[in-house]
Structures are given as C-alpha cells and as structure tokens.
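Please read the structure below before turning to the comments.
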Amino acid sequence: MNLFKKIPLFLYLLALAIAFIGCSSSGQTKMKHTEWCRIRYENAEELFKKEKYGRATDKLEEILATCAGTGYMEQAQFLMAESYFNMEDWIEARGEYGSFILNFPGSPFIETAEFRKAISSFNMEFRVSRDEANTTIAMKDFERYLSNYPDSPLRDSVNYYYNLLVERLAEKEFQTARLYMRMDKYQAAVIYLKEFLETYPNSKRHTEALFMITEAYNELDQFETAKLYLNIARNEASPDDKDILKKIEKSEKAIDKSELAFAKRMKKDSQKKRFWKEDRQMQN
C-alpha cells in the first residue's frame with residue numbers, strides 16, 4: 001500500500017528533473033546561439049573595417065536571417081546598409097537604409113540612416129533623356145529628412161543636394177525646349193521655355209533660355225515679345241560680361257533684320273492682294 005503511494009511522488013520528481021534539464025539545455029542552446037551571432041557580427045565588423053564590404057555583407061545576411069532576438073539585428077542591418085553605401089551600390093544601400101529606418105525607428109543611428117538614404121537616392125542613375133522618377137524620389141527623401149530634423153547641422157548639405165536635383169529637372173525642361181527649336185517647332189519651344197523661366201529662375205541655364213525664347217519669338221514674327229525677353233537678358237547682364245553683351249547686340253540685329261524682312265513680305269502681300277482685287281474688279 002505504501003509502495004503505491006510513493007509512486008506518484010517519484011514520477012513527479014522525475015518530471016521536475018527532466019524539465020530542469022530541458023530548461024538548462026535550452027538556456028545553453030540560446031546562449032551558444034547568441035555567442036555564435038556575436039562572433040559572426042564581430043567578423044563582419046572586422047571585414048567592414050578592412051573595406052572588404054562584399055564579404056561583410058555575406059556575413060551580415062546570415063546574421064539577419066538567423067539572429068533575431070539576440071541583440072545583433074540593429075547593428076547588422078545598419079552595417080549592411082553602410083557596406084552597400086561604401087560599395088556605391090546605391091539601390092541596395094537605399095533599400096537597406098529604408099529597412100533599418102522602418103525596423104529600428106528609435107535607433108541612435110536613425111538620423112544618419114535617413115540622410116544616407118537620401119544621398120543614395122541622389123546617386124541613383126540619372127539621364128536627362130529619361131523620366132525624372134529617381135530625381136523625384138531623391139527630392140522626397142531630402143524633404144522628409146528636413147521635416148524630421150529641421151535643426152540638423154547637415155541642413156546646408158541637404159540644400160546643396162536638393163538644389164542639384166532641382167537643376168536636373170530644369171535641365172530636362174531646357175533640353176526639351178532645345179529639341180523643339182531644332183525641329184523648328186517654335187511655338188512648342190516657347191511653351192517649354194516660359195515654363196522653364198517661371199519654374200527655375202535660378203537655373204544655370206536661365207540666361208541661355210532668355211536668348212532661346214527671344215530667338216523663338218523672333219522666328220514667330222512676334223518681335224515686341226522677342227525684344228521684351230532680350231531686354232530682360234540685358235538688364236540681368238553684368239557690364240563686364242562682354243560675351244553676353246555681344247550676344248545681345250547680335251540678337252538685336254537679328255530682330256531688326258527679321259522685322260525688315262517681315263515688313264517687306266507684308267508690303268509684297270498687300271500689293272498682291274491689291275492687284276488681285278483690281279483684277280477681279282476689271283473682270284466684273
């Protein structure tokens with residue numbers, strides 16, 4: 001009878017022992033895995049310091065795939081982004097910084113990540129002949145950075161890059177207008193040039209656009225408007241800029257010549273109309 005009473009107690013103690021061993025084993029496993037992640041991260045960091053960024057990303061990808069909950073994810077994600085940034089793989093760098101910002105918004109590296117994300121966007125491929133999608137993305141990244149960090153000491157740098165992006169958009173408009181000029185589609189060129197001058201008044205192409213729109217209006221026989229834009233160029237020109245002054249003088253002569261030719265055409269057309277009218281009257 002006493003033997004049967006002792007059996008459940010024995011089983012209970014056995015279960016406790018198994019559970020204790022299991023917990024101890026699990027703790028050891030977790031500790032070993034954390035140690036494994038630490039060693040992997042330190043190896044990746046050492047490769048990064050030696051500027052072996054490609055090999056570092058291989059180690060970091062392994063950490064990001066297997067080390068959740070070990071305390072190394074934040075560091076690994078940021079170092080991954082930094083590695084791609086230093087390799088000038090701008091698309092991958094922007095993606096990794098974006099993942100870091102999303103996953104670790106409270107990180108002390110967050111401001112650096114947002115700034116470098118914008119720099120990565122700025123450096124992504126840009127060609128005037130293509131659409132401005134990458135430029136727009138970069139502008140939004142810089143705008144977001146300034147919105148989040150209005151007092152940043154990097155504000156001047158952000159403004160510098162942002163102005164370069166604006167100039168990219170301006171250049172695309174300018175080149176479109178130039179293409180229409182080459183095709184002798186002066187009315188279309190005028191539309192783009194007016195938009196260019198209104199939207200990008202500080203563009204490095206500003207003076208060139210003034211001369212181009214002057215030429216376009218001259219070709220359209222709208223001489224007063226042509227003179228208006230030429231006067232703007234004259235008023236903005238430096239008295240010491242001899243090249244610009246010569247160009248203004250040349251444009252003035254071109255307008256005068258065109259006006260004279262236009263007047264002769266109008267006179268000739270008027271004479272033709274008069275002769276045609278007199279001929280009709282004689283026939284009647």
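In the structure tokens, chains take letters A, B, ... by order of appearance, with residues numbered from 1 within each chain and ligands from 1 in the order shown.
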
* Which residues come within 9 Å of Thr66 (chain A), counting only C-alpha atoms, excluding same-chain residues fewer than 4 positions away, as a PyMOL selection string? -> chain A and resi 37+61-62

* Which residues, written as JSON, numbers by chain, have at least one atom at most 9 Å from Glu236 (chain A), with only C-alpha atoms counted and residues fewer than 4 positions away on the same chain left out? -> {"A": [207, 231, 232]}

* Structure fact -> Counting only C-alpha atoms, closest pick from A:Asn218, A:Asn86, A:Phe174, A:Tyr145 relative to Ala261 (chain A) is A:Asn218

* Residue among A:Glu74, A:Thr57, A:Arg178, A:Met80 lying closest to Pro105 (chain A), counting only C-alpha atoms ->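 Counting only C-alpha atoms, the residue closest to Pro105 (chain A) is A:Glu74.
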
* Go ahead and compute the interatomic distance for CA of Gln175 (chain A) and CA of Phe196 (chain A), in Å to one decimal. =>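 Calculated distance between CA of Gln175 (chain A) and CA of Phe196 (chain A) is 10.4 Å.
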
* Among the residues A:Ala209, A:Lys246, A:Ser120, A:Pro108, the one that comes closest to Ile191 (chain A) [using only C-alpha atoms] -> A:Ala209

* In terms of the shortest atom-to-atom distance over only C-alpha atoms, which of A:Phe104, A:Phe142, A:Tyr97, A:Tyr192 is closest to Tyr84 (chain A)? ->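 Smallest separation from Tyr84 (chain A) among the options: A:Tyr97.
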
* **Distance query Ile119 (chain A) at most 9 Å, only C-alpha atoms, self and fewer than 2 positions along chain excluded, as a ChimeraX atom specification** => /A:90,94,114-117,121-124,138,141-142,158,161

Using only all heavy atoms, please write the residues we just selected to a file, as a compact mmCIF listing (two decimals), in the first residue's frame.
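Contents of the output file out.txt:
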# COMPACT_ATOMS: atom_id res chain seq x y z
N TRP A 90 24.01 51.97 -54.94
CA TRP A 90 23.06 52.94 -54.37
C TRP A 90 21.66 52.39 -54.20
O TRP A 90 20.98 52.72 -53.22
CB TRP A 90 23.05 54.20 -55.24
CG TRP A 90 24.40 54.78 -55.44
CD1 TRP A 90 25.08 54.93 -56.62
CD2 TRP A 90 25.29 55.29 -54.43
NE1 TRP A 90 26.31 55.49 -56.41
CE2 TRP A 90 26.48 55.73 -55.08
CE3 TRP A 90 25.19 55.42 -53.03
CZ2 TRP A 90 27.55 56.29 -54.38
CZ3 TRP A 90 26.26 55.97 -52.34
CH2 TRP A 90 27.42 56.39 -53.01
N ARG A 94 20.03 52.22 -50.51
CA ARG A 94 18.78 52.89 -50.16
C ARG A 94 17.78 51.91 -49.58
O ARG A 94 17.07 52.20 -48.62
CB ARG A 94 18.17 53.57 -51.40
CG ARG A 94 16.93 54.39 -51.06
CD ARG A 94 16.32 55.04 -52.29
NE ARG A 94 15.22 55.90 -51.89
CZ ARG A 94 13.98 55.47 -51.64
NH1 ARG A 94 13.69 54.19 -51.76
NH2 ARG A 94 13.04 56.33 -51.28
N GLU A 114 18.71 58.12 -42.34
CA GLU A 114 17.80 58.89 -43.19
C GLU A 114 18.58 59.79 -44.16
O GLU A 114 18.21 59.95 -45.31
CB GLU A 114 16.84 59.72 -42.34
CG GLU A 114 15.80 58.87 -41.63
CD GLU A 114 14.52 59.61 -41.35
OE1 GLU A 114 14.07 60.38 -42.21
OE2 GLU A 114 13.96 59.42 -40.26
N PHE A 115 19.66 60.39 -43.66
CA PHE A 115 20.47 61.25 -44.53
C PHE A 115 21.13 60.43 -45.63
O PHE A 115 21.10 60.81 -46.81
CB PHE A 115 21.53 61.97 -43.71
CG PHE A 115 22.43 62.87 -44.52
CD1 PHE A 115 21.95 64.06 -45.03
CD2 PHE A 115 23.74 62.50 -44.79
CE1 PHE A 115 22.78 64.89 -45.80
CE2 PHE A 115 24.56 63.32 -45.55
CZ PHE A 115 24.08 64.51 -46.05
N ARG A 116 21.69 59.29 -45.28
CA ARG A 116 22.40 58.49 -46.28
C ARG A 116 21.43 57.80 -47.24
O ARG A 116 21.80 57.51 -48.38
CB ARG A 116 23.31 57.49 -45.58
CG ARG A 116 24.44 58.19 -44.84
CD ARG A 116 25.57 57.29 -44.49
NE ARG A 116 26.65 58.06 -43.88
CZ ARG A 116 27.78 57.55 -43.45
NH1 ARG A 116 28.01 56.25 -43.57
NH2 ARG A 116 28.71 58.31 -42.91
N LYS A 117 20.23 57.56 -46.78
CA LYS A 117 19.21 57.05 -47.70
C LYS A 117 18.96 58.08 -48.81
O LYS A 117 18.86 57.73 -49.99
CB LYS A 117 17.91 56.78 -46.94
CG LYS A 117 16.78 56.29 -47.83
CD LYS A 117 15.49 56.17 -47.04
CE LYS A 117 14.33 55.80 -47.95
NZ LYS A 117 13.02 55.81 -47.23
N SER A 121 19.71 57.87 -52.87
CA SER A 121 18.72 58.21 -53.90
C SER A 121 19.30 59.21 -54.89
O SER A 121 19.10 59.10 -56.11
CB SER A 121 17.46 58.81 -53.26
OG SER A 121 16.84 57.88 -52.39
N PHE A 122 20.02 60.19 -54.37
CA PHE A 122 20.64 61.21 -55.23
C PHE A 122 21.59 60.57 -56.23
O PHE A 122 21.69 61.00 -57.39
CB PHE A 122 21.40 62.22 -54.37
CG PHE A 122 22.17 63.24 -55.15
CD1 PHE A 122 21.57 64.39 -55.61
CD2 PHE A 122 23.52 63.03 -55.46
CE1 PHE A 122 22.28 65.33 -56.36
CE2 PHE A 122 24.24 63.96 -56.20
CZ PHE A 122 23.61 65.12 -56.64
N ASN A 123 22.31 59.56 -55.81
CA ASN A 123 23.34 58.95 -56.65
C ASN A 123 22.81 57.86 -57.58
O ASN A 123 23.58 57.32 -58.39
CB ASN A 123 24.44 58.36 -55.76
CG ASN A 123 25.36 59.44 -55.21
OD1 ASN A 123 25.90 60.25 -55.94
ND2 ASN A 123 25.52 59.46 -53.90
N MET A 124 21.53 57.53 -57.46
CA MET A 124 20.98 56.53 -58.38
C MET A 124 21.01 57.08 -59.80
O MET A 124 20.99 58.28 -60.01
CB MET A 124 19.55 56.14 -57.97
CG MET A 124 19.51 55.29 -56.71
SD MET A 124 17.92 54.48 -56.37
CE MET A 124 16.80 55.86 -56.24
N ALA A 138 14.54 61.12 -54.83
CA ALA A 138 15.60 61.74 -54.02
C ALA A 138 15.11 63.03 -53.37
O ALA A 138 15.41 63.29 -52.20
CB ALA A 138 16.82 62.01 -54.89
N ASP A 141 13.05 62.20 -50.41
CA ASP A 141 13.89 61.72 -49.30
C ASP A 141 14.53 62.89 -48.54
O ASP A 141 14.54 62.89 -47.30
CB ASP A 141 14.98 60.78 -49.81
CG ASP A 141 14.45 59.40 -50.16
OD1 ASP A 141 13.31 59.09 -49.77
OD2 ASP A 141 15.17 58.63 -50.83
N PHE A 142 15.04 63.86 -49.27
CA PHE A 142 15.64 65.03 -48.62
C PHE A 142 14.58 65.88 -47.90
O PHE A 142 14.82 66.40 -46.81
CB PHE A 142 16.40 65.88 -49.63
CG PHE A 142 17.75 65.34 -49.98
CD1 PHE A 142 18.04 64.94 -51.28
CD2 PHE A 142 18.75 65.23 -49.02
CE1 PHE A 142 19.28 64.44 -51.61
CE2 PHE A 142 20.00 64.74 -49.34
CZ PHE A 142 20.27 64.33 -50.64
N VAL A 158 22.08 69.27 -47.24
CA VAL A 158 20.80 68.85 -47.83
C VAL A 158 20.36 69.86 -48.88
O VAL A 158 19.94 69.48 -49.99
CB VAL A 158 19.72 68.70 -46.74
CG1 VAL A 158 18.35 68.48 -47.36
CG2 VAL A 158 20.07 67.54 -45.81
N TYR A 161 22.42 69.45 -52.13
CA TYR A 161 21.98 68.32 -52.95
C TYR A 161 20.60 68.58 -53.56
O TYR A 161 20.35 68.24 -54.72
CB TYR A 161 21.95 67.04 -52.12
CG TYR A 161 23.32 66.45 -51.88
CD1 TYR A 161 23.88 66.46 -50.61
CD2 TYR A 161 24.05 65.87 -52.91
CE1 TYR A 161 25.14 65.93 -50.38
CE2 TYR A 161 25.31 65.32 -52.69
CZ TYR A 161 25.85 65.35 -51.42
OH TYR A 161 27.09 64.82 -51.20

* List every residue of region 51-241 of chain A that DSSP, applied to the backbone of this structure, places in helix (DSSP H, G or I), and write the result as number ranges by chain. => A: 53-66, 73-86, 90-103, 110-123, 133-148, 155-182, 186-199, 206-219, 223-236

File of the preceding selection, C-alpha atoms, as a tab-separated table (two decimals), in the first residue's frame:
chain	number	residue	atom	x	y	z
A	53	TYR	CA	32.42	45.20	-47.93
A	54	GLY	CA	31.24	42.40	-50.20
A	55	ARG	CA	32.43	39.69	-47.79
A	56	ALA	CA	30.98	41.66	-44.89
A	57	THR	CA	27.51	41.66	-46.48
A	58	ASP	CA	27.64	37.85	-46.79
A	59	LYS	CA	28.21	37.54	-43.04
A	60	LEU	CA	25.59	40.18	-42.25
A	61	GLU	CA	22.94	38.50	-44.41
A	62	GLU	CA	23.49	35.33	-42.40
A	63	ILE	CA	23.06	37.24	-39.14
A	64	LEU	CA	19.88	38.96	-40.33
A	65	ALA	CA	18.44	35.60	-41.37
A	66	THR	CA	19.22	33.68	-38.16
A	73	MET	CA	19.89	42.72	-35.66
A	74	GLU	CA	20.03	46.52	-35.36
A	75	GLN	CA	23.81	46.69	-35.69
A	76	ALA	CA	23.84	44.16	-38.52
A	77	GLN	CA	21.14	45.98	-40.50
A	78	PHE	CA	22.92	49.32	-40.23
A	79	LEU	CA	26.31	47.82	-41.11
A	80	MET	CA	24.71	46.13	-44.11
A	81	ALA	CA	23.43	49.50	-45.38
A	82	GLU	CA	26.82	51.12	-44.73
A	83	SER	CA	28.56	48.35	-46.66
A	84	TYR	CA	26.41	48.87	-49.76
A	85	PHE	CA	26.85	52.64	-49.37
A	86	ASN	CA	30.63	52.30	-49.38
A	90	TRP	CA	23.06	52.94	-54.37
A	91	ILE	CA	19.87	50.99	-55.00
A	92	GLU	CA	20.77	48.31	-52.44
A	93	ALA	CA	22.03	50.94	-49.99
A	94	ARG	CA	18.78	52.89	-50.16
A	95	GLY	CA	16.80	49.69	-49.65
A	96	GLU	CA	18.83	48.65	-46.61
A	97	TYR	CA	18.66	52.10	-45.02
A	98	GLY	CA	14.92	52.06	-45.65
A	99	SER	CA	14.59	48.69	-43.87
A	100	PHE	CA	16.68	49.97	-40.98
A	101	ILE	CA	14.53	53.11	-40.59
A	102	LEU	CA	11.36	51.00	-40.67
A	103	ASN	CA	12.56	48.35	-38.23
A	110	ILE	CA	18.36	56.75	-37.36
A	111	GLU	CA	19.27	60.31	-38.44
A	112	THR	CA	22.42	59.12	-40.19
A	113	ALA	CA	20.40	56.40	-41.91
A	114	GLU	CA	17.80	58.89	-43.19
A	115	PHE	CA	20.47	61.25	-44.53
A	116	ARG	CA	22.40	58.49	-46.28
A	117	LYS	CA	19.21	57.05	-47.70
A	118	ALA	CA	18.64	60.42	-49.39
A	119	ILE	CA	22.26	60.53	-50.61
A	120	SER	CA	21.83	57.04	-52.06
A	121	SER	CA	18.72	58.21	-53.90
A	122	PHE	CA	20.64	61.21	-55.23
A	123	ASN	CA	23.34	58.95	-56.65
A	133	ALA	CA	11.45	59.29	-61.29
A	134	ASN	CA	14.77	58.85	-59.46
A	135	THR	CA	15.14	62.61	-59.10
A	136	THR	CA	11.66	62.91	-57.60
A	137	ILE	CA	12.39	60.05	-55.17
A	138	ALA	CA	15.60	61.74	-54.02
A	139	MET	CA	13.84	65.09	-53.54
A	140	LYS	CA	11.19	63.44	-51.38
A	141	ASP	CA	13.89	61.72	-49.30
A	142	PHE	CA	15.64	65.03	-48.62
A	143	GLU	CA	12.33	66.76	-47.87
A	144	ARG	CA	11.46	64.02	-45.38
A	145	TYR	CA	14.86	64.35	-43.73
A	146	LEU	CA	14.49	68.13	-43.25
A	147	SER	CA	10.95	67.64	-41.99
A	148	ASN	CA	12.16	65.17	-39.35
A	155	ARG	CA	20.90	71.29	-43.44
A	156	ASP	CA	23.33	73.15	-45.73
A	157	SER	CA	24.43	69.87	-47.30
A	158	VAL	CA	20.80	68.85	-47.83
A	159	ASN	CA	20.05	72.18	-49.52
A	160	TYR	CA	23.10	71.75	-51.74
A	161	TYR	CA	21.98	68.32	-52.95
A	162	TYR	CA	18.36	69.45	-53.26
A	163	ASN	CA	19.34	72.37	-55.49
A	164	LEU	CA	21.29	69.99	-57.73
A	165	LEU	CA	18.16	67.86	-58.04
A	166	VAL	CA	16.11	70.91	-58.98
A	167	GLU	CA	18.72	71.70	-61.62
A	168	ARG	CA	18.26	68.20	-63.05
A	169	LEU	CA	14.55	68.86	-63.57
A	170	ALA	CA	15.35	72.24	-65.06
A	171	GLU	CA	17.83	70.68	-67.48
A	172	LYS	CA	15.20	68.23	-68.71
A	173	GLU	CA	12.77	71.09	-69.47
A	174	PHE	CA	15.53	73.07	-71.16
A	175	GLN	CA	16.63	70.16	-73.36
A	176	THR	CA	13.03	69.55	-74.42
A	177	ALA	CA	12.72	73.19	-75.47
A	178	ARG	CA	16.02	72.97	-77.35
A	179	LEU	CA	14.80	69.89	-79.21
A	180	TYR	CA	11.70	71.76	-80.38
A	181	MET	CA	13.89	74.64	-81.54
A	182	ARG	CA	15.98	72.26	-83.63
A	186	TYR	CA	8.95	77.42	-82.19
A	187	GLN	CA	5.53	77.62	-80.56
A	188	ALA	CA	6.15	74.39	-78.63
A	189	ALA	CA	9.61	75.66	-77.67
A	190	VAL	CA	8.09	78.88	-76.32
A	191	ILE	CA	5.69	76.91	-74.09
A	192	TYR	CA	8.54	74.93	-72.51
A	193	LEU	CA	10.83	77.95	-72.20
A	194	LYS	CA	8.20	80.09	-70.48
A	195	GLU	CA	7.54	77.26	-68.02
A	196	PHE	CA	11.29	76.86	-67.52
A	197	LEU	CA	11.85	80.55	-66.79
A	198	GLU	CA	8.95	80.75	-64.37
A	199	THR	CA	9.69	77.50	-62.52
A	206	HIS	CA	18.50	80.95	-67.23
A	207	THR	CA	20.38	83.38	-69.50
A	208	GLU	CA	20.63	80.81	-72.26
A	209	ALA	CA	16.87	80.27	-72.04
A	210	LEU	CA	16.27	84.02	-72.40
A	211	PHE	CA	18.23	84.11	-75.66
A	212	MET	CA	16.48	80.98	-76.88
A	213	ILE	CA	12.98	82.32	-76.23
A	214	THR	CA	14.00	85.59	-77.88
A	215	GLU	CA	15.00	83.62	-80.96
A	216	ALA	CA	11.78	81.58	-80.88
A	217	TYR	CA	9.56	84.68	-80.74
A	218	ASN	CA	11.64	86.26	-83.50
A	219	GLU	CA	11.00	83.22	-85.69
A	223	PHE	CA	9.11	90.98	-82.42
A	224	GLU	CA	7.89	93.00	-79.45
A	225	THR	CA	7.81	89.93	-77.25
A	226	ALA	CA	11.24	88.92	-78.51
A	227	LYS	CA	12.56	92.36	-77.56
A	228	LEU	CA	10.93	92.05	-74.14
A	229	TYR	CA	12.88	88.89	-73.27
A	230	LEU	CA	16.06	90.33	-74.78
A	231	ASN	CA	15.70	93.36	-72.50
A	232	ILE	CA	15.41	91.04	-69.51
A	233	ALA	CA	18.72	89.47	-70.57
A	234	ARG	CA	20.24	92.93	-70.95
A	235	ASN	CA	19.09	94.06	-67.51
A	236	GLU	CA	20.45	90.93	-65.86

* Asked: Suppose you want the space between CA of Lys253 (chain A) and CA of Tyr200 (chain A); what is it in Å?
  ->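 Taking CA of Lys253 (chain A) and CA of Tyr200 (chain A), their separation equals 28.3 Å.
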
* Distance of CA of Ala68 (chain A) from CA of Tyr149 (chain A), expressed in Å to one decimal place ->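 Value for the CA of Tyr149 (chain A)-CA of Ala68 (chain A) distance: 29.9 Å.
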